[in-house]
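Undergrad: Just passing along the structure, written as structure tokens.
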Amino acid sequence: MMRNKVLGLVLALGLAAPSVFAREQVTDAQRTAKIQDKVYHAKAFEHGQVTATYENGTATLTGTVDNLAAKMDAERAARKVEGVTQVVNNIQVKANGVTPQQILEQARKNVLTYYAYGIFDSVQLAAEGDKLTVSGQVTDPFKKNDLGNILARIRGVAAFENNLEVLPVSSFDDSLRIRVACAIYRTDSFERYGVQAHPPIHIIVKNGNVTLEGAVGSKMDRTLAEMAARSVALSFSVTDNLRIG
């Protein structure tokens with residue numbers, strides 16, 4: 001009986017050995033090919049040229065892409081390959097001919113066309129060289145994440161800073177938002193603003209305090225908007241940051 005158990009163990013080890021040996025025989029070239037394939041399917045190649053090498057657990061990425069998100073997509077893809085324990089990301093972001101003003105214009109367009117951006121959010125953008133910074137307030141965490149991902153994909157953005165504040169969850173603030181919006185947009189003076197695809201007066205509410213952001217066409221409209229907001233007795237304070245023009 002003991003002899004049979006020993007023989008069975010020897011046979012089991014013998015059968016397992018080829019699979020263990022096979023795993024150990026994956027070459028650096030094979031892993032490099034797997035990394036290249038992962039990066040390709042991450043679509044980083046659509047934005048430039050990326051080359052990967054592999055040695056002793058480290059994947060090194062080089063080349064150029066035209067936006068920061070593509071660079072980070074390539075790195076995440078490389079990390080998914082079995083055997084990769086570290087990624088050195090030497091990819092450079094280059095987009096010849098793209099100016100900070102063009103980056104800003106595209107960023108504004110992307111924010112306005114983002115499906116979840118509304119009058120209870122406010123986003124400010126700034127571009128310096130190839131760095132884009134976004135600040136302001138949004139009502140939900142997913143909006144901050146979505147906008148960060150969208151803006152980092154703009155051609156020419158090599159550095160990105162997401163300073164968006166996620167407003168606290170509050171049923172009181174939710175009620176106040178609706179009341180202030182009705183007070184402003186349901187008046188005859190602001191009917192022309194309310195029917196626009198992107199109403200220009202944004203109502204930011206935090207802990208019962210109201211801030212008006214955006215732009216109106218005249219000083220009179222700014223005054224009327226502030227008066228309408230103040231007419232809602234629930235608010236603790238009203239700050240008028242509306243611009244003219």
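Every chain in the structure tokens takes a letter, A first, then B, and so on in the order presented; its residues are numbered from 1, and the ligands are numbered from 1 following the presented order.
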If DSSP is run on the backbone, what residues of region 57-240 of chain A are strand (DSSP E)? A reply as a VMD selection string would be ideal.
TA: chain A and resid 58 to 65 86 to 89 92 to 93 122 to 128 131 to 138 159 to 166 201 to 206 209 to 216 237 to 240
Undergrad: Might you pull out every residue within 7 Å of region 193-201 of chain A, with only C-alpha atoms counted and same-chain residues fewer than 6 positions away left off, and present them as a PyMOL selection string?
TA: chain A and resi 119+185+212-216
Undergrad: Please dump the current selection as a PDB file, in the first residue's frame; keep N, CA and C atoms.
TA:
ATOM      1  N   ILE A 119     -27.224  72.949 -14.254  1.00  0.00           N
ATOM      2  CA  ILE A 119     -27.180  74.271 -13.627  1.00  0.00           C
ATOM      3  C   ILE A 119     -26.785  74.216 -12.154  1.00  0.00           C
ATOM      4  N   TYR A 185     -35.506  81.089 -12.831  1.00  0.00           N
ATOM      5  CA  TYR A 185     -35.853  80.738 -14.213  1.00  0.00           C
ATOM      6  C   TYR A 185     -37.340  80.789 -14.527  1.00  0.00           C
ATOM      7  N   LEU A 212     -24.182  82.134  -6.958  1.00  0.00           N
ATOM      8  CA  LEU A 212     -24.574  82.212  -8.360  1.00  0.00           C
ATOM      9  C   LEU A 212     -23.327  82.343  -9.217  1.00  0.00           C
ATOM     10  N   GLU A 213     -23.184  81.438 -10.187  1.00  0.00           N
ATOM     11  CA  GLU A 213     -22.042  81.440 -11.102  1.00  0.00           C
ATOM     12  C   GLU A 213     -22.561  81.517 -12.532  1.00  0.00           C
ATOM     13  N   GLY A 214     -21.699  81.947 -13.441  1.00  0.00           N
ATOM     14  CA  GLY A 214     -22.079  82.004 -14.837  1.00  0.00           C
ATOM     15  C   GLY A 214     -22.087  83.422 -15.359  1.00  0.00           C
ATOM     16  N   ALA A 215     -22.930  83.678 -16.353  1.00  0.00           N
ATOM     17  CA  ALA A 215     -22.939  84.992 -16.997  1.00  0.00           C
ATOM     18  C   ALA A 215     -24.351  85.394 -17.380  1.00  0.00           C
ATOM     19  N   VAL A 216     -24.604  86.701 -17.332  1.00  0.00           N
ATOM     20  CA  VAL A 216     -25.868  87.277 -17.779  1.00  0.00           C
ATOM     21  C   VAL A 216     -25.565  88.452 -18.706  1.00  0.00           C
TER      22      VAL A 216
END
Undergrad: Need the shell around Asn90 (chain A): protein/DNA/RNA residues with any atom at most 12 Å away, counting only C-alpha atoms. Skip same-chain ones fewer than 2 positions apart. Format as a list in words?
TA: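 Counting only the stated atoms, we get Val50, Thr51, Ala52, Thr53, Ala59, Thr60, Leu61, Thr62, Gly63, Thr64, Val65, Lys71, Met72, Ala74, Glu75, Val87, Val88, Gln92 and Val93 of chain A.
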Undergrad: Write down as a ChimeraX atom specification the residues of region 61-161 of chain A whose backbone DSSP state falls under alpha helix (DSSP H).
TA: /A:68-79,100-112,141-151
Undergrad: Mind writing the picked residues with C-alpha atoms as a PDB file, in the first residue's frame?
TA:
ATOM      1  CA  LEU A  68      -2.381  62.208 -21.121  1.00  0.00           C
ATOM      2  CA  ALA A  69      -5.196  59.653 -20.897  1.00  0.00           C
ATOM      3  CA  ALA A  70      -3.698  57.573 -23.714  1.00  0.00           C
ATOM      4  CA  LYS A  71      -0.397  57.491 -21.830  1.00  0.00           C
ATOM      5  CA  MET A  72      -2.119  56.256 -18.669  1.00  0.00           C
ATOM      6  CA  ASP A  73      -4.241  53.745 -20.628  1.00  0.00           C
ATOM      7  CA  ALA A  74      -1.046  52.189 -21.963  1.00  0.00           C
ATOM      8  CA  GLU A  75       0.385  51.881 -18.467  1.00  0.00           C
ATOM      9  CA  ARG A  76      -2.757  50.263 -17.069  1.00  0.00           C
ATOM     10  CA  ALA A  77      -2.788  47.818 -19.964  1.00  0.00           C
ATOM     11  CA  ALA A  78       0.837  46.822 -19.349  1.00  0.00           C
ATOM     12  CA  ARG A  79       0.145  46.170 -15.660  1.00  0.00           C
ATOM     13  CA  PRO A 100      -3.434  76.480 -24.788  1.00  0.00           C
ATOM     14  CA  GLN A 101      -6.374  78.419 -26.250  1.00  0.00           C
ATOM     15  CA  GLN A 102      -7.347  75.457 -28.416  1.00  0.00           C
ATOM     16  CA  ILE A 103      -7.137  73.173 -25.398  1.00  0.00           C
ATOM     17  CA  LEU A 104      -9.417  75.530 -23.455  1.00  0.00           C
ATOM     18  CA  GLU A 105     -11.949  75.763 -26.260  1.00  0.00           C
ATOM     19  CA  GLN A 106     -12.142  71.989 -26.596  1.00  0.00           C
ATOM     20  CA  ALA A 107     -12.367  71.585 -22.822  1.00  0.00           C
ATOM     21  CA  ARG A 108     -15.288  74.014 -22.605  1.00  0.00           C
ATOM     22  CA  LYS A 109     -17.063  72.173 -25.398  1.00  0.00           C
ATOM     23  CA  ASN A 110     -16.510  68.825 -23.697  1.00  0.00           C
ATOM     24  CA  VAL A 111     -17.864  70.102 -20.379  1.00  0.00           C
ATOM     25  CA  LEU A 112     -20.977  71.616 -21.960  1.00  0.00           C
ATOM     26  CA  PRO A 141     -18.534  62.061  -7.295  1.00  0.00           C
ATOM     27  CA  PHE A 142     -19.091  60.342 -10.654  1.00  0.00           C
ATOM     28  CA  LYS A 143     -19.194  63.748 -12.355  1.00  0.00           C
ATOM     29  CA  LYS A 144     -15.726  64.579 -11.057  1.00  0.00           C
ATOM     30  CA  ASN A 145     -14.394  61.237 -12.270  1.00  0.00           C
ATOM     31  CA  ASP A 146     -16.128  61.440 -15.647  1.00  0.00           C
ATOM     32  CA  LEU A 147     -15.008  64.990 -16.353  1.00  0.00           C
ATOM     33  CA  GLY A 148     -11.456  64.156 -15.304  1.00  0.00           C
ATOM     34  CA  ASN A 149     -11.380  61.263 -17.740  1.00  0.00           C
ATOM     35  CA  ILE A 150     -12.961  63.309 -20.540  1.00  0.00           C
ATOM     36  CA  LEU A 151     -10.673  66.319 -20.150  1.00  0.00           C
TER      37      LEU A 151
END
Undergrad: Rounded to one decimal place, report the CA of Gln25 (chain A)-CA of Val81 (chain A) distance in Å.
TA: 15.7 Å
Undergrad: At a cut-off of 12 Å, using only C-alpha atoms, what residues contact Thr239 (chain A)? Leave out same-chain residues fewer than 6 positions from it and give the result as JSON, numbers by chain.
TA: {"A": [202, 203, 204, 205, 206, 208, 209, 210, 211, 212, 213, 222, 223, 225, 226, 227, 229, 230]}
Undergrad: If we count only C-alpha atoms and set the cut-off at 7 Å, which residues sit around Leu132 (chain A), ignoring sequence neighbours fewer than 6 positions away in its own chain? Please answer as a PyMOL selection string.
TA: chain A and resi 126+157+159-161
Undergrad: Determine, counting only C-alpha atoms, which protein, DNA and RNA residues have an atom within 10 Å of an atom of Val98 (chain A); residues of the same chain fewer than 6 positions away are not included. Present the result as a JSON list (two decimals) with N, CA and C atoms, in the first residue's frame.
TA:
[["chain", "number", "residue", "atom", "x", "y", "z"],
["A", 66, "ASP", "N", -0.77, 61.65, -28.05],
["A", 66, "ASP", "CA", -1.18, 63.06, -28.12],
["A", 66, "ASP", "C", -2.05, 63.52, -26.97],
["A", 129, "GLY", "N", 0.38, 76.32, -21.02],
["A", 129, "GLY", "CA", 1.18, 75.39, -21.81],
["A", 129, "GLY", "C", 0.35, 74.17, -22.15],
["A", 130, "ASP", "N", 0.88, 72.99, -21.81],
["A", 130, "ASP", "CA", 0.13, 71.75, -22.07],
["A", 130, "ASP", "C", -0.54, 71.20, -20.82],
["A", 155, "ARG", "N", -6.68, 66.37, -26.96],
["A", 155, "ARG", "CA", -5.41, 66.39, -27.69],
["A", 155, "ARG", "C", -4.56, 67.57, -27.22],
["A", 156, "GLY", "N", -3.33, 67.27, -26.84],
["A", 156, "GLY", "CA", -2.40, 68.31, -26.40],
["A", 156, "GLY", "C", -2.26, 68.40, -24.89],
["A", 157, "VAL", "N", -3.16, 67.77, -24.13],
["A", 157, "VAL", "CA", -3.07, 67.81, -22.67],
["A", 157, "VAL", "C", -2.05, 66.79, -22.18]]
Undergrad: So that I can check the surroundings of Gly83 (chain A), please list as a list in words every protein, DNA and RNA residue that reaches within 12 Å of it, counting only C-alpha atoms and ignoring chain neighbours fewer than 5 positions away.
TA: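 Skipping anything fewer than 5 positions along the chain leaves Arg23, Glu24, Val26, Thr27, Asp28, Gln30, Arg31, Thr32, Lys34, Ile35, Tyr54, Glu55, Asn56, Gly57, Thr58, Ala59 and Ala78 of chain A.
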Undergrad: Restricting the output to C-alpha atoms, write the selected residues as a compact mmCIF listing (two decimals), in the first residue's frame.
TA:
# COMPACT_ATOMS: atom_id res chain seq x y z
CA ARG A 23 5.20 28.59 -17.17
CA GLU A 24 8.85 29.16 -16.32
CA VAL A 26 7.88 32.23 -20.98
CA THR A 27 10.58 34.40 -22.50
CA ASP A 28 11.05 38.15 -22.24
CA GLN A 30 6.93 36.61 -25.38
CA ARG A 31 5.99 38.86 -22.49
CA THR A 32 6.97 41.89 -24.57
CA LYS A 34 1.81 40.28 -24.75
CA ILE A 35 2.38 43.78 -23.43
CA TYR A 54 10.21 43.60 -20.69
CA GLU A 55 12.99 42.44 -18.38
CA ASN A 56 12.96 40.91 -14.90
CA GLY A 57 9.38 41.86 -14.14
CA THR A 58 9.66 45.42 -15.42
CA ALA A 59 7.79 46.67 -18.46
CA ALA A 78 0.84 46.82 -19.35
